[in-house]
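Colleague: This is the content of coords09.txt (compact mmCIF, C-alpha atoms):
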```
# COMPACT_ATOMS: atom_id res chain seq x y z
CA MET A 288 184.98 -63.80 177.04
CA ALA A 289 181.46 -64.92 176.02
CA VAL A 290 178.54 -66.86 177.46
CA LYS A 291 179.35 -70.54 176.91
CA PHE A 292 178.12 -73.99 177.84
CA PHE A 293 180.37 -76.49 179.57
CA GLY A 294 181.11 -78.69 176.53
CA GLN A 295 182.14 -75.70 174.45
CA PHE A 296 184.37 -74.43 177.26
CA LEU A 297 186.20 -77.78 177.34
CA VAL A 298 186.65 -77.90 173.56
CA GLU A 299 188.00 -74.32 173.54
CA LYS A 300 190.48 -75.23 176.30
CA GLY A 301 191.60 -78.26 174.30
CA VAL A 302 190.54 -80.62 177.13
CA VAL A 303 188.27 -82.68 174.85
CA SER A 304 188.06 -83.01 171.07
CA ARG A 305 185.00 -82.15 168.99
CA GLU A 306 184.59 -85.87 168.20
CA ILE A 307 184.47 -86.83 171.90
CA LEU A 308 182.05 -83.99 172.67
CA LEU A 309 179.73 -85.16 169.89
CA GLN A 310 179.85 -88.71 171.30
CA ALA A 311 178.94 -87.37 174.75
CA ILE A 312 176.05 -85.30 173.32
CA GLU A 313 174.75 -88.38 171.47
CA LEU A 314 174.86 -90.33 174.74
CA GLN A 315 172.96 -87.52 176.50
CA GLU A 316 170.32 -87.52 173.76
CA SER A 317 169.79 -91.27 174.18
CA VAL A 318 169.48 -91.02 177.99
CA ASN A 319 167.66 -87.72 178.56
CA LEU A 320 164.11 -88.52 177.47
CA SER A 321 161.37 -85.97 176.78
CA PHE A 322 158.47 -85.64 179.24
CA GLY A 323 156.24 -87.75 176.98
CA ALA A 324 158.82 -90.49 176.50
CA THR A 325 159.50 -90.60 180.26
CA ALA A 326 155.76 -90.88 181.04
CA LEU A 327 155.50 -93.61 178.39
CA ALA A 328 158.43 -95.52 179.95
CA MET A 329 156.73 -95.19 183.37
CA GLY A 330 153.57 -96.68 181.89
CA ILE A 331 151.32 -93.75 182.80
CA LEU A 332 150.75 -92.43 179.26
CA THR A 333 150.15 -94.30 176.00
CA ASP A 334 151.29 -93.40 172.45
CA GLY A 335 147.71 -92.30 171.81
CA ASP A 336 147.79 -89.98 174.86
CA ILE A 337 151.02 -88.42 173.63
CA GLU A 338 149.48 -87.76 170.24
CA LYS A 339 146.46 -86.12 171.92
CA VAL A 340 148.78 -83.80 173.88
CA HIS A 341 150.79 -82.88 170.77
CA ASN A 342 147.60 -82.12 168.84
CA ALA A 343 146.30 -79.92 171.67
CA GLN A 344 149.65 -78.07 171.88
CA ARG A 345 149.15 -76.92 168.26
CA SER A 346 146.28 -74.69 169.35
CA GLU A 347 147.42 -73.74 172.87
CA ASP A 348 150.88 -72.83 174.09
CA LEU A 349 151.24 -75.09 177.15
CA ARG A 350 154.10 -77.33 178.22
CA PHE A 351 153.57 -81.07 177.65
CA GLY A 352 152.96 -81.95 181.30
CA ASP A 353 150.60 -79.03 181.90
CA MET A 354 148.63 -79.95 178.79
CA ALA A 355 148.43 -83.62 179.83
CA VAL A 356 146.96 -82.51 183.18
CA LYS A 357 144.55 -80.13 181.46
CA LEU A 358 143.32 -82.92 179.20
CA GLY A 359 142.82 -85.19 182.22
CA LEU A 360 145.44 -87.67 181.02
CA LEU A 361 147.62 -87.17 184.10
CA THR A 362 146.94 -86.01 187.64
CA ASN A 363 149.04 -83.20 189.04
CA ASP A 364 150.87 -85.70 191.27
CA GLN A 365 151.66 -87.91 188.27
CA MET A 366 153.04 -84.90 186.39
CA LEU A 367 155.34 -84.14 189.34
CA GLU A 368 156.44 -87.80 189.45
CA VAL A 369 157.44 -87.64 185.78
CA LEU A 370 159.37 -84.42 186.33
CA ALA A 371 161.13 -85.98 189.33
CA ARG A 372 162.05 -89.06 187.24
CA GLN A 373 163.40 -86.82 184.46
CA LYS A 374 165.49 -84.89 186.98
CA SER A 375 166.86 -87.96 188.74
CA THR A 376 167.89 -89.70 185.52
CA HIS A 377 169.22 -86.57 183.75
CA LEU A 378 172.73 -87.05 182.40
CA TYR A 379 174.75 -83.83 182.44
CA ILE A 380 177.35 -83.19 179.76
CA GLY A 381 180.24 -83.52 182.23
CA GLU A 382 179.01 -86.94 183.34
CA ALA A 383 178.46 -87.95 179.71
CA LEU A 384 182.05 -86.95 178.88
CA VAL A 385 183.29 -89.18 181.71
CA LYS A 386 181.17 -92.07 180.44
CA VAL A 387 182.58 -91.81 176.89
CA GLY A 388 186.15 -91.58 178.21
CA GLY A 389 186.74 -87.92 177.36
CA LEU A 390 187.34 -86.90 180.98
CA GLN A 391 188.47 -88.66 184.14
CA ALA A 392 185.79 -88.55 186.88
CA GLU A 393 188.23 -86.97 189.33
CA GLU A 394 189.02 -84.14 186.84
CA LEU A 395 185.36 -83.13 186.47
CA PRO A 396 184.96 -81.03 189.67
CA ARG A 397 188.08 -79.00 188.83
CA TYR A 398 186.92 -78.23 185.29
CA LEU A 399 183.43 -77.37 186.58
CA ASP A 400 184.99 -74.92 189.05
CA GLU A 401 187.08 -73.35 186.27
CA PHE A 402 183.98 -73.08 184.09
CA LYS A 403 181.95 -71.46 186.87
CA ALA A 404 184.75 -68.95 187.48
CA ASP A 405 184.93 -68.15 183.74
CA GLN A 406 181.17 -67.62 183.53
CA ALA A 407 180.75 -65.81 186.87
CA GLN A 408 181.17 -62.49 185.05
CA TYR A 409 177.87 -63.23 183.29
CA ALA A 410 175.85 -64.16 186.40
CA THR A 411 172.73 -62.03 186.50
CA ASP A 412 172.61 -59.17 188.99
CA THR A 413 169.30 -57.82 190.24
CA VAL A 414 167.43 -55.44 187.95
CA THR A 415 163.96 -54.13 188.80
CA ILE A 416 161.43 -54.97 186.11
CA PRO A 417 158.26 -52.84 185.93
CA ALA A 418 154.97 -54.46 186.99
CA GLY A 419 152.90 -55.93 184.19
CA ILE A 420 155.86 -57.43 182.29
CA THR A 421 155.59 -61.22 182.10
CA GLU A 422 158.72 -63.43 182.39
CA PRO A 423 160.47 -60.84 184.62
CA LYS A 424 163.46 -63.16 185.30
CA PHE A 425 164.12 -63.46 181.57
CA TRP A 426 164.07 -59.67 181.07
CA GLU A 427 166.24 -59.21 184.14
CA MET A 428 168.83 -61.40 182.43
CA VAL A 429 168.45 -59.52 179.11
CA ILE A 430 168.98 -56.14 180.74
CA ASP A 431 171.80 -57.22 183.01
CA LEU A 432 173.70 -58.96 180.19
CA SER A 433 173.22 -55.88 177.97
CA TYR A 434 174.87 -53.74 180.66
CA LYS A 435 177.73 -56.23 181.02
CA MET A 436 178.30 -56.20 177.25
CA LEU A 437 178.32 -52.39 177.22
CA THR A 438 181.12 -52.51 179.78
CA ARG A 439 183.16 -55.39 178.36
CA VAL A 440 182.67 -55.10 174.60
CA ALA A 441 181.86 -51.40 174.02
CA LEU A 442 184.11 -50.29 176.93
CA LEU A 443 181.52 -47.69 178.01
CA VAL A 444 181.31 -46.23 181.51
CA PHE A 445 177.68 -45.60 182.44
CA ARG A 446 174.97 -45.49 185.07
CA PRO A 447 171.80 -47.53 184.45
CA GLU A 448 168.58 -45.51 184.67
CA PRO A 449 165.36 -47.02 186.05
CA THR A 450 163.56 -49.37 183.68
CA PHE A 451 160.09 -48.43 182.46
CA VAL A 452 157.39 -49.30 179.95
CA ALA A 453 156.86 -46.75 177.15
CA ASP A 454 154.70 -46.32 174.07
CA ARG A 455 157.50 -44.75 171.98
CA LEU A 456 161.28 -44.44 171.86
CA PRO A 457 163.02 -41.06 171.67
CA PRO A 458 164.79 -39.80 168.51
CA MET A 459 168.47 -40.75 168.17
CA ASN A 460 171.13 -40.46 165.47
CA VAL A 461 170.88 -44.18 164.79
CA TYR A 462 169.20 -47.25 166.19
CA ALA A 463 170.53 -50.78 165.61
CA ALA A 464 167.86 -53.45 165.94
CA MET A 465 167.54 -57.22 165.79
CA ASP A 466 164.42 -59.36 165.73
CA PHE A 467 164.23 -62.52 167.81
CA THR A 468 161.67 -65.32 167.72
CA GLY A 469 161.10 -68.56 169.59
CA ASP A 470 159.89 -69.11 173.14
CA ILE A 471 159.82 -65.30 173.49
CA SER A 472 159.59 -62.99 170.46
CA GLY A 473 160.31 -59.33 169.93
CA ARG A 474 162.82 -56.75 168.76
CA TYR A 475 165.96 -55.63 170.59
CA LEU A 476 166.97 -52.00 169.96
CA MET A 477 169.90 -49.77 170.85
CA GLY A 478 169.90 -46.05 169.99
CA VAL A 479 173.08 -43.97 170.08
CA THR A 480 174.30 -40.46 169.38
CA ALA A 481 177.08 -39.89 166.83
CA ALA A 482 179.57 -39.42 169.68
CA THR A 483 178.64 -42.72 171.33
CA ARG A 484 178.74 -44.48 167.97
CA ALA A 485 182.36 -43.31 167.60
CA LYS A 486 183.19 -44.66 171.08
CA ILE A 487 181.69 -48.03 170.22
CA ALA A 488 183.59 -48.06 166.93
CA ARG A 489 186.90 -47.39 168.71
CA ALA A 490 186.22 -50.30 171.07
CA ILE A 491 185.06 -52.77 168.42
CA LEU A 492 187.77 -51.92 165.87
CA LYS A 493 190.41 -51.53 168.60
CA GLU A 494 191.51 -48.22 167.03
CA SER A 495 192.32 -45.05 168.98
CA ASN A 496 190.95 -42.79 166.23
CA VAL A 497 187.98 -43.45 163.96
CA ASP A 498 187.54 -39.89 162.61
CA ASP A 499 188.33 -40.99 159.05
CA GLU A 500 186.19 -44.11 159.09
CA PRO A 501 183.25 -44.05 156.65
CA ARG A 502 179.73 -43.89 158.07
CA GLU A 503 179.13 -47.46 156.87
CA VAL A 504 181.90 -48.81 159.10
CA LEU A 505 180.80 -46.79 162.14
CA ASP A 506 177.21 -48.01 161.76
CA ASP A 507 178.44 -51.56 161.31
CA THR A 508 180.20 -51.49 164.67
CA VAL A 509 176.91 -50.56 166.40
CA MET A 510 175.15 -53.42 164.59
CA GLU A 511 177.94 -55.80 165.56
CA PHE A 512 177.65 -54.76 169.20
CA VAL A 513 173.92 -55.54 169.14
CA ASN A 514 174.64 -58.83 167.37
CA VAL A 515 177.13 -59.88 170.07
CA ALA A 516 174.82 -58.78 172.89
CA LEU A 517 171.78 -60.60 171.56
CA GLY A 518 173.79 -63.71 170.62
CA ASN A 519 175.04 -63.97 174.20
CA ILE A 520 171.51 -63.32 175.49
CA ALA A 521 170.32 -66.25 173.32
CA ALA A 522 173.10 -68.41 174.82
CA LYS A 523 172.11 -67.45 178.36
CA ALA A 524 168.42 -68.02 177.55
CA ALA A 525 169.25 -71.51 176.25
CA GLN A 526 170.78 -72.35 179.63
CA SER A 527 167.37 -71.79 181.23
CA GLY A 528 165.54 -73.78 178.56
CA LYS A 529 164.35 -70.91 176.37
CA ALA A 530 165.16 -71.18 172.65
CA LEU A 531 165.64 -67.96 170.68
CA GLU A 532 166.36 -67.56 166.96
CA ILE A 533 167.87 -64.23 165.99
CA ALA A 534 167.75 -62.40 162.67
CA PRO A 535 170.69 -60.39 161.27
CA PRO A 536 170.97 -56.81 162.64
CA GLU A 537 169.58 -53.71 160.92
CA ILE A 538 170.38 -50.02 161.34
CA PHE A 539 168.25 -46.95 160.74
CA GLU A 540 168.22 -43.24 161.49
CA ALA A 541 165.56 -42.01 163.92
CA PRO A 542 165.05 -38.24 163.57
CA ALA A 543 161.60 -38.61 165.19
CA GLU A 544 160.15 -40.73 167.97
CA ILE A 545 159.66 -44.45 167.20
CA PRO A 546 156.15 -45.69 168.02
CA VAL A 547 155.83 -49.15 169.56
CA PRO A 548 154.25 -51.52 167.00
CA ALA A 549 150.73 -52.80 167.65
CA GLY A 550 150.64 -55.98 169.73
CA HIS A 551 153.94 -55.14 171.44
CA LYS A 552 154.99 -53.64 174.74
CA ALA A 553 158.22 -51.59 174.99
CA LEU A 554 160.46 -52.27 177.97
CA CYS A 555 163.08 -49.49 178.14
CA PHE A 556 166.35 -49.71 180.07
CA PRO A 557 168.41 -46.67 179.02
CA VAL A 558 171.78 -45.74 180.50
CA CYS A 559 173.48 -42.42 181.14
CA LEU A 560 177.09 -42.41 179.94
CA SER A 561 179.94 -40.84 181.87
CA ASP A 562 180.11 -37.94 179.38
CA GLY A 563 176.41 -37.16 179.94
CA ASP A 564 175.22 -38.71 176.67
CA ARG A 565 172.25 -41.03 176.85
CA LEU A 566 172.16 -44.48 175.24
CA GLU A 567 168.74 -45.97 174.58
CA LEU A 568 168.20 -49.68 175.13
CA ALA A 569 164.78 -51.23 174.70
CA VAL A 570 162.92 -54.35 173.70
CA PHE A 571 159.62 -54.43 171.85
CA ILE A 572 158.06 -57.51 173.47
CA LYS A 573 155.51 -59.33 171.32
CA GLU A 574 152.38 -59.95 173.43
CA MET B 254 201.58 -69.04 155.10
CA LYS B 255 198.03 -70.39 155.50
CA LYS B 256 195.36 -68.71 153.38
CA VAL B 257 192.20 -67.67 155.25
CA LEU B 258 188.82 -66.67 153.81
CA ILE B 259 186.64 -64.54 156.11
CA VAL B 260 182.87 -64.81 155.69
CA ASP B 261 180.84 -62.38 157.81
CA ASP B 262 178.24 -59.76 156.91
CA SER B 263 179.90 -57.38 159.37
CA ILE B 264 182.65 -55.16 157.95
CA SER B 265 183.94 -54.49 161.45
CA VAL B 266 184.38 -58.19 162.27
CA ALA B 267 186.25 -58.69 159.00
CA ARG B 268 188.47 -55.73 159.89
CA GLN B 269 189.21 -57.18 163.36
CA LEU B 270 190.04 -60.61 161.95
CA GLU B 271 192.20 -59.21 159.13
CA LYS B 272 194.20 -57.23 161.69
CA ILE B 273 194.66 -60.18 164.07
CA LEU B 274 195.62 -62.61 161.30
CA GLY B 275 197.76 -60.12 159.35
CA ASP B 276 199.69 -58.96 162.42
CA SER B 277 200.51 -62.56 163.33
CA GLY B 278 202.52 -63.01 160.12
CA GLU B 279 201.26 -66.60 159.97
CA PHE B 280 198.07 -66.15 157.97
CA GLN B 281 197.14 -64.40 154.74
CA VAL B 282 193.55 -63.20 154.35
CA VAL B 283 192.57 -63.98 150.75
CA GLY B 284 189.06 -62.54 150.75
CA HIS B 285 185.96 -61.38 152.61
CA GLY B 286 182.59 -62.87 151.70
CA LYS B 287 179.43 -61.39 153.19
CA ASN B 288 177.10 -64.40 153.08
CA GLY B 289 177.00 -68.15 152.52
CA MET B 290 176.73 -67.92 148.73
CA GLU B 291 179.90 -65.83 148.58
CA ALA B 292 181.64 -68.36 150.84
CA ILE B 293 180.90 -71.17 148.40
CA ARG B 294 181.95 -69.11 145.37
CA MET B 295 185.16 -67.82 146.99
CA HIS B 296 186.07 -71.30 148.21
CA GLN B 297 186.20 -72.31 144.53
CA THR B 298 188.12 -69.23 143.35
CA GLU B 299 190.47 -68.46 146.28
CA HIS B 300 191.21 -72.01 147.49
CA PRO B 301 191.65 -71.00 151.15
CA ASP B 302 193.21 -73.37 153.68
CA ILE B 303 190.76 -72.23 156.35
CA ILE B 304 187.37 -70.52 156.21
CA CYS B 305 186.32 -68.40 159.23
CA MET B 306 182.56 -68.03 158.90
CA ASP B 307 179.72 -66.36 160.81
CA MET B 308 176.41 -68.21 161.37
CA ASN B 309 173.84 -65.43 161.33
CA MET B 310 174.05 -63.71 157.92
CA PRO B 311 171.40 -62.35 155.52
CA GLY B 312 170.75 -64.48 152.43
CA MET B 313 172.40 -67.87 152.87
CA ASP B 314 173.34 -68.36 156.54
CA GLY B 315 176.54 -69.93 157.79
CA LEU B 316 175.18 -73.39 158.66
CA THR B 317 173.56 -73.80 155.24
CA ALA B 318 176.82 -72.74 153.58
CA LEU B 319 178.78 -75.13 155.82
CA ARG B 320 176.59 -78.05 154.72
CA THR B 321 177.24 -77.23 151.05
CA LEU B 322 180.96 -76.63 151.53
CA VAL B 323 181.41 -80.02 153.24
CA ALA B 324 179.40 -81.72 150.48
CA LEU B 325 181.66 -80.12 147.85
CA ASP B 326 184.93 -80.73 149.70
CA LYS B 327 184.99 -83.17 152.61
CA ASN B 328 188.41 -81.87 153.68
CA VAL B 329 187.33 -78.24 153.93
CA LYS B 330 188.43 -76.59 157.20
CA VAL B 331 185.69 -74.30 158.48
CA VAL B 332 185.78 -72.50 161.83
CA MET B 333 182.48 -70.89 162.80
CA ILE B 334 182.93 -67.52 164.55
CA THR B 335 179.60 -66.41 165.92
CA SER B 336 177.76 -64.63 168.70
CA LEU B 337 175.57 -67.76 168.88
CA GLY B 338 178.50 -70.01 169.84
CA GLY B 339 177.19 -70.40 173.37
CA VAL B 340 173.84 -71.75 172.18
CA GLY B 341 174.36 -75.49 172.69
CA ASP B 342 172.12 -76.59 169.82
CA LYS B 343 173.86 -74.29 167.32
CA PHE B 344 177.30 -75.35 168.52
CA THR B 345 176.42 -79.04 168.22
CA GLU B 346 174.78 -78.62 164.81
CA ALA B 347 177.88 -76.87 163.46
CA LEU B 348 180.18 -79.66 164.70
CA ARG B 349 177.86 -82.33 163.29
CA LEU B 350 177.84 -80.61 159.91
CA GLY B 351 181.64 -80.71 159.86
CA ALA B 352 182.90 -77.45 161.38
CA ARG B 353 186.35 -77.92 162.94
CA THR B 354 185.25 -75.81 165.92
CA VAL B 355 183.04 -72.90 166.95
CA ILE B 356 184.40 -69.68 168.45
CA SER B 357 182.07 -67.36 170.36
CA LYS B 358 181.95 -63.58 169.92
CA PRO B 359 183.34 -61.55 171.53
CA PHE B 360 186.59 -63.36 170.77
CA GLU B 361 190.16 -62.84 171.84
CA ALA B 362 193.07 -62.60 169.41
CA ASP B 363 195.21 -65.20 171.18
CA ASN B 364 192.37 -67.70 171.20
CA ILE B 365 191.68 -67.30 167.47
CA LEU B 366 195.35 -67.65 166.55
CA GLN B 367 195.85 -70.72 168.72
CA ILE B 368 192.82 -72.45 167.20
CA LEU B 369 193.76 -71.62 163.61
CA ARG B 370 197.33 -72.83 164.17
CA GLU B 371 196.08 -76.17 165.47
CA ILE B 372 193.55 -77.09 162.81
```
Written as structure tokens, how would this file's structure read?

Modeller:
Amino acid sequence: MAVKFFGQFLVEKGVVSREILLQAIELQESVNLSFGATALAMGILTDGDIEKVHNAQRSEDLRFGDMAVKLGLLTNDQMLEVLARQKSTHLYIGEALVKVGGLQAEELPRYLDEFKADQAQYATDTVTIPAGITEPKFWEMVIDLSYKMLTRVALLVFRPEPTFVADRLPPMNVYAAMDFTGDISGRYLMGVTAATRAKIARAILKESNVDDEPREVLDDTVMEFVNVALGNIAAKAAQSGKALEIAPPEIFEAPAEIPVPAGHKALCFPVCLSDGDRLELAVFIKE
Amino acid sequence: MKKVLIVDDSISVARQLEKILGDSGEFQVVGHGKNGMEAIRMHQTEHPDIICMDMNMPGMDGLTALRTLVALDKNVKVVMITSLGGVGDKFTEALRLGARTVISKPFEADNILQILREI
């Protein structure tokens, strides 16, 4: 029911043991070399060149290959050759599991098909991202996965509204928020009315009536929803090579508008619920 | 009946797990810790057979607590239940530190029960 990677899917199905998966991951780590190590093995960079690139990366956020080209250590064609070598020698986890004896080679296509079918529900649909937002594919995934989680975890029926950039968020009964850092940094926020909070609580707690639940429990269900959504976003981001660390969720009341912090841009993607209530979803993107 | 300690900063997750485990009649929830420090303390006082623990918690996080729990008791059975389960690096780190498995949120009752029965 969540975003997974292939090895995890096989462990959960009981197809391979954790010990075998760890062996396969260790094999992958020994075979799948970094860009620098691949260029070193190809004899087109030296240890000294690699150190120069690493030093330069401390003051400028560029990928290794791009930095090596910028420093004049590699030509653009050489960079593409290294990337091609990395791609052609890459050992995928399924292949690694076959090599360590955890899977039969003929079983692999079937399990890959089952995995793709399981994860198809999380494939990203098209969302229009406003102009001026960098990494639009990443935010498309964030927004689309948020909508899918609203449907599948919070059991809400809604219509997405157009996405837009704002300088403040509207007042709401409560906002749950989580900070994320890494390749992309910012703050993920969801604002709900008291009525929507009760709906989310019913879905998360699997209770038909939450009228007698204390405020603390109702708020916690909104935080847990945000935690599940952002955790799955981090998992999906990892599949495309972007690492995100997430902080524990927070909740706060918002009787007045929330200004966007300095140095951030707010990408808003609210939805209109079937009962007419509005649910605010936004990210404060660190620039 | 196997004794289970739940460690998660979310009250609602603890409520879900208590209901799933209690209704099964196979597991007894012996406590709910809200961070890694409480997991370590309650492991000593409640002697659970299985610990179901979140990763992302304020104070001491789940992976730090897992490292300490395994150092204190190499036979400890910890199942990580986390929204970060699908992040390959986190999943691998948890297994390397000694977690029996990692379950992603949102989870399904049948899946949790099957895994806890088997470990």

Colleague: Residues of chain B within 7 Å of chain A, counting only C-alpha atoms, what are they? List them as an NGL selection string.

Modeller: :B and (263-265 or 269 or 309-311 or 336-337 or 339-341 or 348 or 357-360)

Colleague: Pick out the residues sitting within 8 Å of Met308 of chain B, and hand them over as a VMD selection string; count all atoms listed in the file, and ignore anything fewer than 2 positions along from it in its own chain.

Modeller: chain B and resid 306 310 314 to 316 333 to 335 337

Colleague: What gap, in Å, lies between atom CA of Ser433 of chain A and atom CA of Leu568 of chain A?

Modeller: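 Interatomic distance, atom CA of Ser433 of chain A to atom CA of Leu568 of chain A: 8.5 Å.
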
Colleague: I'd like the contact shell of segment 407-423 of chain A - 12 Å cut-off, only C-alpha atoms, skipping same-chain residues fewer than 3 positions apart - returned as a PyMOL selection string.

Modeller: chain A and resi 288-291+399-404+426-436+438-439+447-453+470-472+516+519-520+522-524+526+529+551-556+570-574

Colleague: So what do you get for atom CA of Met313 of chain B versus atom CA of Arg370 of chain B, distance-wise?

Modeller: 27.8 Å

Colleague: Report, in Å with one decimal, the straight-line distance from atom CA of Thr317 of chain B to atom CA of Gly289 of chain B.

Modeller: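 Between atom CA of Thr317 of chain B and atom CA of Gly289 of chain B the gap is 7.2 Å.
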
Colleague: Can you list, as a PyMOL selection string, every protein, DNA or RNA residue that comes within 9 Å of Gln310 of chain A when you count all atoms listed in the file, leaving out same-chain residues fewer than 5 positions away?

Modeller: chain A and resi 305+315+383-384+387

Colleague: For the point (150.9, -81.5, 180.7) in the file's frame, write as JSON, numbers by chain all residues with an atom no more than 12 Å away, counting all atoms listed in the file.

Modeller: {"A": [322, 323, 326, 332, 336, 337, 339, 340, 341, 343, 344, 347, 348, 349, 350, 351, 352, 353, 354, 355, 356, 357, 358, 359, 360, 361, 362, 363, 364, 365, 366, 367, 369, 370]}

Colleague: Between A:Ile487, A:Leu443, A:Ala569, A:Leu395, single out the one closest to Tyr475 of chain A, counting only C-alpha atoms.

Modeller: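 When distances to Tyr475 of chain A are compared using only C-alpha atoms, the smallest one comes from A:Ala569.
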
Colleague: Could you tell me which of B:Ile368, B:Asp363, B:Val355, B:Ala347 comes closest to Leu319 of chain B if we count only C-alpha atoms?

Modeller: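 Nearest candidate to Leu319 of chain B out of B:Ile368, B:Asp363, B:Val355, B:Ala347: B:Ala347.
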
Colleague: Using only C-alpha atoms, which of the listed residues (B:Leu366, B:Val332, B:Met254, B:Ile273) sits closest to Thr354 of chain B?

Modeller: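 Of the candidates, the smallest distance to Thr354 of chain B is held by B:Val332.
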